[in-house]
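This report refers to the structure that appears directly beneath it.
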Protein chains: 2
Amino acid sequence: MEFDKGQLEKLLRFRNGLIPVVVQDRNGVVLMLAYMNRKALAKSLSTGFMHYWSRSRRKLWKKGEVSGHTQKIIEVRVSCEGESLLFKVEQISGCCHKGYRTCFYRAMKGKGLKIVEKKLFEPKSIYGRPQKKPFNA
Amino acid sequence: MEFDKGQLEKLLRFRNGLIPVVVQDRNGVVLMLAYMNRKALAKSLSTGFMHYWSRSRRKLWKKGEVSGHTQKIIEVRVSCEGESLLFKVEQISGCCHKGYRTCFYRAMKGKGLKIVEKKLFEPKSIYGRPQKKPFNA
């Protein structure tokens, strides 16, 4: 994509260097919410694959760099106030490090949470060991 | 909904008192991204209608309190790490103060943004005068 730095600065409002990003697949499923800094956004737009800023690890990461579960960008939408982004992506396998299609695999039911999505993969088989903390946290 | 304070504290991670919230309609359209504090979340769950914390106005607000374009809650999902929420809602009219179904009514095309949604209403007819800043900013 052909956006340059000047344009992005005009269109978007970063807070503390970050902008929140909603990620949705072709079927309309919301997969995750994460954050980009300017570099992660530029890298995403130039490569066509989603890159994020990890607030906990304080580093840039490419979604799927360990698991292979990459996200190819289909469309980028900008909110009315330029304070958030919505990416439509082609998600390979499941998005969530817990093995589900979406990170939002639990719904509030009664007084607790209920898993409402099917597991697509076993995290151990992908990451070697259970993940304590995902990159996007 | 029957969640109590203790449960929410266990399930969710607020940062600076806030949690980001993705809002989606019945058809899978992502309508907006906004923030809730604990009070806004409790009020949303107890009334069944979306309430947010406005960071710019520093106040709790009910979506649709001026426009009538309320959001009735259908389902609440919690992210894997409890750091964000996904609400499915019944949106009355359009979500965006600019007159569109969704706040994400513009897509990046070439070197600019293109409006890719139809206008549902004229903001002037709802708010009396053009809105400079929406509540959710």
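Chain identifiers are assigned as A, B, and so on, following the order in which chains appear in the structure tokens; residues are numbered from 1 within each chain, and ligands are numbered from 1 in order of appearance.
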So that each row is one residue of range 70-108 of chain A with an atom at most 9 Å from range 31-47 of chain A, can you give its shortest atom pair and the distance in Å to one decimal, using only C-alpha atoms, rows by chain and rising number, as a Markdown table?
```
| residue | atom | partner | partner_atom | distance |
| --- | --- | --- | --- | --- |
| A:Ile73 | CA | A:Ser44 | CA | 8.1 |
| A:Gln91 | CA | A:Leu31 | CA | 8.8 |
| A:Gly94 | CA | A:Leu31 | CA | 8.7 |
| A:Cys95 | CA | A:Leu31 | CA | 6.2 |
| A:Cys96 | CA | A:Leu31 | CA | 7.7 |
| A:Arg101 | CA | A:Leu31 | CA | 7.0 |
| A:Thr102 | CA | A:Leu31 | CA | 4.2 |
| A:Cys103 | CA | A:Met32 | CA | 5.5 |
| A:Phe104 | CA | A:Leu31 | CA | 6.8 |
```
Among the residues of range 12-102 of chain A, find those DSSP assigns to alpha helix (DSSP H) from the backbone and print them as a list in words. Arg38, Lys39, Ala40, Leu41, Ala42, Lys43, Ser44, Leu45, Ser46 and Thr47 of chain A
Write out as JSON, numbers by chain each polymer residue whose atoms come within 10 Å of Val76 in chain B, counting only C-alpha atoms; drop sequence neighbours fewer than 3 positions from it. {"A": [104, 106, 107, 108, 109, 113], "B": [1, 23, 45, 73, 85, 86, 87, 88, 89]}
I need the residues in chain B that are strand (DSSP E) according to DSSP; give them as a PyMOL selection string. chain B and resi 19-25+30-36+51-54+59-62+71-78+85-91+106-109+112-115
How would chain B read as a short mmCIF file (atom, residue, chain, number, x, y, z; two decimals) with N, CA and C atoms, in the first residue's frame once least-squares superposed on chain A using all paired C-alpha atoms?
```cif
data_model
loop_
_atom_site.label_atom_id
_atom_site.label_comp_id
_atom_site.auth_asym_id
_atom_site.auth_seq_id
_atom_site.Cartn_x
_atom_site.Cartn_y
_atom_site.Cartn_z
N MET B 1 0.83 -1.19 -0.04
CA MET B 1 -0.01 0.00 -0.02
C MET B 1 0.86 1.25 -0.03
N GLU B 2 0.28 2.32 -0.52
CA GLU B 2 1.13 3.44 -0.94
C GLU B 2 1.17 4.61 0.05
N PHE B 3 0.71 4.38 1.27
CA PHE B 3 0.67 5.50 2.20
C PHE B 3 2.05 5.93 2.66
N ASP B 4 2.25 7.23 2.73
CA ASP B 4 3.52 7.70 3.26
C ASP B 4 3.31 8.27 4.66
N LYS B 5 4.42 8.49 5.32
CA LYS B 5 4.40 8.93 6.72
C LYS B 5 3.53 10.16 6.94
N GLY B 6 3.69 11.14 6.06
CA GLY B 6 2.97 12.39 6.22
C GLY B 6 1.47 12.20 6.20
N GLN B 7 1.02 11.36 5.28
CA GLN B 7 -0.41 11.10 5.17
C GLN B 7 -0.95 10.43 6.42
N LEU B 8 -0.20 9.42 6.89
CA LEU B 8 -0.66 8.69 8.07
C LEU B 8 -0.75 9.60 9.28
N GLU B 9 0.21 10.51 9.41
CA GLU B 9 0.19 11.45 10.54
C GLU B 9 -1.04 12.35 10.47
N LYS B 10 -1.44 12.69 9.24
CA LYS B 10 -2.61 13.55 9.07
C LYS B 10 -3.90 12.79 9.40
N LEU B 11 -3.94 11.52 9.01
CA LEU B 11 -5.17 10.73 9.14
C LEU B 11 -5.39 10.15 10.53
N LEU B 12 -4.28 9.85 11.20
CA LEU B 12 -4.38 9.03 12.42
C LEU B 12 -3.94 9.78 13.66
N ARG B 13 -4.54 9.39 14.79
CA ARG B 13 -4.11 9.93 16.07
C ARG B 13 -3.54 8.81 16.92
N PHE B 14 -2.25 8.87 17.12
CA PHE B 14 -1.59 7.92 18.01
C PHE B 14 -1.64 8.49 19.43
N ARG B 15 -1.81 7.61 20.40
CA ARG B 15 -1.74 8.03 21.81
C ARG B 15 -0.58 7.30 22.44
N ASN B 16 0.31 8.02 23.03
CA ASN B 16 1.56 7.43 23.55
C ASN B 16 2.22 6.57 22.48
N GLY B 17 2.12 7.03 21.25
CA GLY B 17 2.79 6.33 20.16
C GLY B 17 2.06 5.10 19.63
N LEU B 18 0.85 4.84 20.16
CA LEU B 18 0.13 3.61 19.78
C LEU B 18 -1.27 3.91 19.24
N ILE B 19 -1.74 3.03 18.38
CA ILE B 19 -3.12 3.09 17.91
C ILE B 19 -3.72 1.68 18.04
N PRO B 20 -4.96 1.58 18.57
CA PRO B 20 -5.58 0.26 18.70
C PRO B 20 -6.12 -0.22 17.36
N VAL B 21 -6.03 -1.52 17.15
CA VAL B 21 -6.33 -2.14 15.87
C VAL B 21 -7.28 -3.32 16.08
N VAL B 22 -8.40 -3.30 15.38
CA VAL B 22 -9.33 -4.43 15.41
C VAL B 22 -9.08 -5.26 14.17
N VAL B 23 -9.05 -6.58 14.34
CA VAL B 23 -8.75 -7.46 13.22
C VAL B 23 -9.92 -8.42 13.00
N GLN B 24 -10.36 -8.48 11.75
CA GLN B 24 -11.56 -9.24 11.40
C GLN B 24 -11.22 -10.15 10.21
N ASP B 25 -11.80 -11.36 10.20
CA ASP B 25 -11.52 -12.22 9.04
C ASP B 25 -12.57 -12.03 7.95
N ARG B 26 -12.41 -12.77 6.86
CA ARG B 26 -13.30 -12.67 5.69
C ARG B 26 -14.76 -12.92 6.03
N ASN B 27 -14.98 -13.76 7.07
CA ASN B 27 -16.36 -14.12 7.44
C ASN B 27 -16.96 -13.16 8.45
N GLY B 28 -16.25 -12.11 8.79
CA GLY B 28 -16.78 -11.13 9.72
C GLY B 28 -16.45 -11.44 11.18
N VAL B 29 -15.73 -12.53 11.42
CA VAL B 29 -15.36 -12.87 12.80
C VAL B 29 -14.29 -11.90 13.29
N VAL B 30 -14.52 -11.30 14.45
CA VAL B 30 -13.49 -10.43 15.05
C VAL B 30 -12.46 -11.34 15.71
N LEU B 31 -11.23 -11.24 15.27
CA LEU B 31 -10.19 -12.16 15.70
C LEU B 31 -9.44 -11.69 16.93
N MET B 32 -9.14 -10.39 16.99
CA MET B 32 -8.30 -9.89 18.08
C MET B 32 -8.33 -8.38 18.11
N LEU B 33 -7.85 -7.83 19.22
CA LEU B 33 -7.56 -6.41 19.32
C LEU B 33 -6.12 -6.29 19.77
N ALA B 34 -5.34 -5.48 19.05
CA ALA B 34 -3.95 -5.30 19.44
C ALA B 34 -3.54 -3.87 19.13
N TYR B 35 -2.25 -3.57 19.28
CA TYR B 35 -1.77 -2.20 19.09
C TYR B 35 -0.65 -2.15 18.06
N MET B 36 -0.63 -1.04 17.34
CA MET B 36 0.47 -0.77 16.42
C MET B 36 1.12 0.55 16.82
N ASN B 37 2.44 0.60 16.70
CA ASN B 37 3.09 1.91 16.70
C ASN B 37 3.32 2.29 15.22
N ARG B 38 3.92 3.42 14.99
CA ARG B 38 4.09 3.88 13.60
C ARG B 38 4.88 2.87 12.76
N LYS B 39 5.90 2.28 13.39
CA LYS B 39 6.75 1.34 12.68
C LYS B 39 5.98 0.06 12.31
N ALA B 40 5.19 -0.42 13.24
CA ALA B 40 4.40 -1.64 12.99
C ALA B 40 3.38 -1.39 11.87
N LEU B 41 2.82 -0.20 11.88
CA LEU B 41 1.84 0.13 10.84
C LEU B 41 2.53 0.22 9.47
N ALA B 42 3.66 0.91 9.44
CA ALA B 42 4.39 1.06 8.18
C ALA B 42 4.80 -0.31 7.64
N LYS B 43 5.28 -1.15 8.54
CA LYS B 43 5.72 -2.50 8.15
C LYS B 43 4.52 -3.33 7.65
N SER B 44 3.38 -3.20 8.30
CA SER B 44 2.18 -3.93 7.86
C SER B 44 1.78 -3.49 6.46
N LEU B 45 1.77 -2.17 6.24
CA LEU B 45 1.33 -1.65 4.94
C LEU B 45 2.33 -2.00 3.84
N SER B 46 3.61 -1.98 4.18
CA SER B 46 4.60 -2.23 3.13
C SER B 46 4.72 -3.72 2.78
N THR B 47 4.51 -4.59 3.78
CA THR B 47 4.65 -6.04 3.52
C THR B 47 3.32 -6.71 3.17
N GLY B 48 2.21 -6.07 3.59
CA GLY B 48 0.90 -6.70 3.37
C GLY B 48 0.54 -7.73 4.43
N PHE B 49 1.38 -7.85 5.46
CA PHE B 49 1.11 -8.77 6.57
C PHE B 49 1.11 -8.02 7.90
N MET B 50 0.24 -8.46 8.80
CA MET B 50 0.06 -7.74 10.06
C MET B 50 1.28 -7.84 10.97
N HIS B 51 1.72 -6.66 11.43
CA HIS B 51 2.77 -6.52 12.43
C HIS B 51 2.20 -5.67 13.58
N TYR B 52 2.61 -5.97 14.78
CA TYR B 52 2.10 -5.24 15.94
C TYR B 52 3.24 -4.79 16.84
N TRP B 53 2.85 -3.91 17.77
CA TRP B 53 3.76 -3.57 18.85
C TRP B 53 3.30 -4.31 20.10
N SER B 54 4.18 -5.10 20.67
CA SER B 54 3.86 -5.78 21.91
C SER B 54 4.17 -4.87 23.08
N ARG B 55 3.13 -4.50 23.84
CA ARG B 55 3.32 -3.60 24.97
C ARG B 55 4.06 -4.31 26.11
N SER B 56 3.82 -5.63 26.27
CA SER B 56 4.47 -6.33 27.37
C SER B 56 5.94 -6.63 27.05
N ARG B 57 6.21 -7.00 25.81
CA ARG B 57 7.59 -7.33 25.43
C ARG B 57 8.36 -6.14 24.89
N ARG B 58 7.63 -5.08 24.65
CA ARG B 58 8.23 -3.86 24.09
C ARG B 58 9.02 -4.16 22.82
N LYS B 59 8.36 -4.87 21.92
CA LYS B 59 9.02 -5.09 20.62
C LYS B 59 8.00 -5.25 19.50
N LEU B 60 8.48 -4.99 18.31
CA LEU B 60 7.69 -5.20 17.10
C LEU B 60 7.63 -6.70 16.84
N TRP B 61 6.46 -7.20 16.45
CA TRP B 61 6.38 -8.62 16.09
C TRP B 61 5.46 -8.81 14.90
N LYS B 62 5.78 -9.81 14.12
CA LYS B 62 4.92 -10.19 13.00
C LYS B 62 3.99 -11.28 13.48
N LYS B 63 2.72 -11.09 13.28
CA LYS B 63 1.76 -12.15 13.64
C LYS B 63 2.09 -13.40 12.83
N GLY B 64 2.28 -14.51 13.54
CA GLY B 64 2.57 -15.78 12.86
C GLY B 64 4.04 -16.07 12.72
N GLU B 65 4.89 -15.21 13.29
CA GLU B 65 6.33 -15.42 13.09
C GLU B 65 6.81 -16.72 13.75
N VAL B 66 6.13 -17.14 14.83
CA VAL B 66 6.45 -18.41 15.47
C VAL B 66 5.53 -19.53 14.96
N SER B 67 4.24 -19.25 14.96
CA SER B 67 3.24 -20.29 14.68
C SER B 67 3.00 -20.53 13.19
N GLY B 68 3.36 -19.57 12.36
CA GLY B 68 3.00 -19.65 10.94
C GLY B 68 1.59 -19.15 10.66
N HIS B 69 0.88 -18.74 11.71
CA HIS B 69 -0.50 -18.29 11.55
C HIS B 69 -0.55 -16.80 11.20
N THR B 70 -0.10 -16.52 10.01
CA THR B 70 0.00 -15.13 9.56
C THR B 70 -1.36 -14.54 9.21
N GLN B 71 -1.37 -13.22 9.08
CA GLN B 71 -2.58 -12.48 8.68
C GLN B 71 -2.24 -11.61 7.48
N LYS B 72 -2.79 -11.98 6.34
CA LYS B 72 -2.56 -11.21 5.10
C LYS B 72 -3.65 -10.14 5.00
N ILE B 73 -3.23 -8.94 4.75
CA ILE B 73 -4.17 -7.81 4.77
C ILE B 73 -5.03 -7.76 3.50
N ILE B 74 -6.34 -7.65 3.70
CA ILE B 74 -7.28 -7.52 2.58
C ILE B 74 -7.75 -6.07 2.45
N GLU B 75 -8.05 -5.45 3.59
CA GLU B 75 -8.59 -4.08 3.57
C GLU B 75 -8.24 -3.37 4.87
N VAL B 76 -8.03 -2.06 4.78
CA VAL B 76 -7.75 -1.26 5.98
C VAL B 76 -8.79 -0.16 6.08
N ARG B 77 -9.47 -0.11 7.20
CA ARG B 77 -10.43 0.96 7.42
C ARG B 77 -9.98 1.84 8.58
N VAL B 78 -10.37 3.12 8.49
CA VAL B 78 -9.95 4.12 9.48
C VAL B 78 -11.20 4.67 10.17
N SER B 79 -11.17 4.79 11.48
CA SER B 79 -12.35 5.27 12.20
C SER B 79 -12.57 6.76 11.95
N CYS B 80 -13.78 7.22 12.22
CA CYS B 80 -14.20 8.60 11.94
C CYS B 80 -13.23 9.62 12.51
N GLU B 81 -12.67 9.34 13.68
CA GLU B 81 -11.78 10.30 14.31
C GLU B 81 -10.30 9.93 14.13
N GLY B 82 -10.04 8.87 13.38
CA GLY B 82 -8.66 8.44 13.15
C GLY B 82 -7.99 7.89 14.39
N GLU B 83 -8.81 7.43 15.35
CA GLU B 83 -8.25 6.95 16.62
C GLU B 83 -8.13 5.44 16.71
N SER B 84 -8.65 4.75 15.69
CA SER B 84 -8.50 3.29 15.65
C SER B 84 -8.56 2.81 14.21
N LEU B 85 -8.10 1.58 14.00
CA LEU B 85 -8.07 0.99 12.66
C LEU B 85 -8.79 -0.35 12.68
N LEU B 86 -9.38 -0.69 11.55
CA LEU B 86 -10.00 -2.00 11.37
C LEU B 86 -9.36 -2.66 10.16
N PHE B 87 -8.70 -3.79 10.40
CA PHE B 87 -8.08 -4.54 9.31
C PHE B 87 -8.91 -5.78 8.99
N LYS B 88 -9.20 -5.98 7.71
CA LYS B 88 -9.75 -7.28 7.30
C LYS B 88 -8.60 -8.11 6.76
N VAL B 89 -8.51 -9.35 7.23
CA VAL B 89 -7.35 -10.18 6.91
C VAL B 89 -7.74 -11.60 6.52
N GLU B 90 -6.82 -12.23 5.86
CA GLU B 90 -6.88 -13.67 5.58
C GLU B 90 -6.07 -14.32 6.69
N GLN B 91 -6.74 -14.97 7.63
CA GLN B 91 -6.05 -15.58 8.77
C GLN B 91 -5.68 -17.03 8.44
N ILE B 92 -4.43 -17.38 8.57
CA ILE B 92 -4.02 -18.78 8.44
C ILE B 92 -4.30 -19.49 9.77
N SER B 93 -4.97 -20.61 9.71
CA SER B 93 -5.34 -21.41 10.90
C SER B 93 -6.08 -20.52 11.90
N GLY B 94 -5.78 -20.66 13.20
CA GLY B 94 -6.48 -19.84 14.19
C GLY B 94 -5.63 -18.67 14.64
N CYS B 95 -6.30 -17.62 15.07
CA CYS B 95 -5.61 -16.39 15.50
C CYS B 95 -5.05 -16.52 16.91
N CYS B 96 -5.77 -17.24 17.77
CA CYS B 96 -5.46 -17.16 19.21
C CYS B 96 -4.40 -18.19 19.63
N HIS B 97 -3.48 -17.74 20.48
CA HIS B 97 -2.42 -18.62 20.97
C HIS B 97 -2.95 -19.76 21.83
N LYS B 98 -4.24 -19.68 22.19
CA LYS B 98 -4.86 -20.75 22.97
C LYS B 98 -5.44 -21.85 22.07
N GLY B 99 -5.37 -21.64 20.74
CA GLY B 99 -5.80 -22.69 19.82
C GLY B 99 -7.14 -22.44 19.13
N TYR B 100 -7.69 -21.24 19.34
CA TYR B 100 -9.00 -20.95 18.77
C TYR B 100 -8.89 -20.00 17.57
N ARG B 101 -9.96 -20.01 16.77
CA ARG B 101 -10.05 -19.11 15.62
C ARG B 101 -9.89 -17.65 16.03
N THR B 102 -10.55 -17.29 17.12
CA THR B 102 -10.54 -15.91 17.60
C THR B 102 -10.10 -15.85 19.06
N CYS B 103 -9.47 -14.73 19.44
CA CYS B 103 -9.14 -14.52 20.85
C CYS B 103 -10.40 -14.36 21.70
N PHE B 104 -11.51 -14.01 21.06
CA PHE B 104 -12.78 -13.83 21.78
C PHE B 104 -13.56 -15.14 21.74
N TYR B 105 -12.99 -16.18 22.32
CA TYR B 105 -13.61 -17.51 22.23
C TYR B 105 -14.49 -17.81 23.45
N ARG B 106 -14.54 -16.86 24.39
CA ARG B 106 -15.37 -17.07 25.59
C ARG B 106 -16.45 -16.00 25.68
N ALA B 107 -17.67 -16.44 26.02
CA ALA B 107 -18.78 -15.51 26.19
C ALA B 107 -19.24 -15.53 27.64
N MET B 108 -19.73 -14.38 28.11
CA MET B 108 -20.30 -14.32 29.45
C MET B 108 -21.65 -15.05 29.44
N LYS B 109 -21.78 -16.01 30.35
CA LYS B 109 -23.03 -16.76 30.49
C LYS B 109 -23.33 -16.89 31.97
N GLY B 110 -24.53 -16.51 32.36
CA GLY B 110 -24.88 -16.61 33.78
C GLY B 110 -23.85 -15.89 34.62
N LYS B 111 -23.22 -16.61 35.55
CA LYS B 111 -22.22 -15.97 36.40
C LYS B 111 -20.79 -16.31 35.99
N GLY B 112 -20.62 -16.93 34.82
CA GLY B 112 -19.27 -17.31 34.41
C GLY B 112 -19.02 -17.09 32.93
N LEU B 113 -17.89 -17.64 32.47
CA LEU B 113 -17.56 -17.58 31.05
C LEU B 113 -17.73 -18.98 30.46
N LYS B 114 -18.18 -19.02 29.20
CA LYS B 114 -18.35 -20.30 28.53
C LYS B 114 -17.57 -20.26 27.22
N ILE B 115 -16.83 -21.31 26.92
CA ILE B 115 -16.13 -21.39 25.64
C ILE B 115 -17.16 -21.66 24.55
N VAL B 116 -17.20 -20.78 23.55
CA VAL B 116 -18.23 -20.89 22.52
C VAL B 116 -17.63 -21.09 21.12
N GLU B 117 -16.34 -21.42 21.08
CA GLU B 117 -15.69 -21.70 19.79
C GLU B 117 -15.03 -23.08 19.87
N LYS B 118 -14.88 -23.70 18.70
CA LYS B 118 -14.18 -24.99 18.66
C LYS B 118 -12.68 -24.76 18.62
N LYS B 119 -11.92 -25.67 19.24
CA LYS B 119 -10.47 -25.57 19.20
C LYS B 119 -9.97 -26.03 17.83
N LEU B 120 -9.08 -25.24 17.23
CA LEU B 120 -8.56 -25.58 15.90
C LEU B 120 -7.22 -26.32 15.99
N PHE B 121 -6.45 -25.99 17.04
CA PHE B 121 -5.15 -26.66 17.19
C PHE B 121 -4.75 -26.69 18.66
N GLU B 122 -3.82 -27.60 18.96
CA GLU B 122 -3.30 -27.67 20.32
C GLU B 122 -2.08 -26.75 20.43
N PRO B 123 -2.14 -25.76 21.31
CA PRO B 123 -1.03 -24.81 21.42
C PRO B 123 0.33 -25.49 21.56
N LYS B 124 0.38 -26.58 22.32
CA LYS B 124 1.64 -27.31 22.52
C LYS B 124 2.26 -27.75 21.20
N SER B 125 1.40 -28.17 20.27
CA SER B 125 1.90 -28.70 19.00
C SER B 125 2.49 -27.59 18.13
N ILE B 126 2.13 -26.36 18.43
CA ILE B 126 2.60 -25.22 17.63
C ILE B 126 3.79 -24.53 18.31
N TYR B 127 3.64 -24.30 19.61
CA TYR B 127 4.63 -23.47 20.30
C TYR B 127 5.65 -24.31 21.07
N GLY B 128 5.44 -25.66 21.11
CA GLY B 128 6.39 -26.52 21.82
C GLY B 128 6.05 -26.65 23.30
N ARG B 129 5.59 -25.55 23.88
CA ARG B 129 5.18 -25.57 25.29
C ARG B 129 4.02 -24.59 25.46
N PRO B 130 3.25 -24.77 26.53
CA PRO B 130 2.12 -23.85 26.70
C PRO B 130 2.60 -22.41 26.78
N GLN B 131 1.90 -21.53 26.11
CA GLN B 131 2.23 -20.10 26.12
C GLN B 131 1.65 -19.47 27.37
N LYS B 132 2.50 -18.81 28.13
CA LYS B 132 1.99 -18.10 29.30
C LYS B 132 1.35 -16.80 28.89
N LYS B 133 1.97 -16.16 27.97
CA LYS B 133 1.58 -14.80 27.61
C LYS B 133 1.69 -14.68 26.09
N PRO B 134 0.65 -14.23 25.42
CA PRO B 134 0.77 -14.10 23.96
C PRO B 134 1.56 -12.84 23.62
N PHE B 135 1.97 -12.76 22.38
CA PHE B 135 2.72 -11.59 21.94
C PHE B 135 1.90 -10.31 22.04
N ASN B 136 0.58 -10.45 21.78
CA ASN B 136 -0.22 -9.23 21.68
C ASN B 136 -0.66 -8.66 23.02
N ALA B 137 -0.27 -9.28 24.12
CA ALA B 137 -0.70 -8.75 25.43
C ALA B 137 0.06 -7.47 25.75
#
```
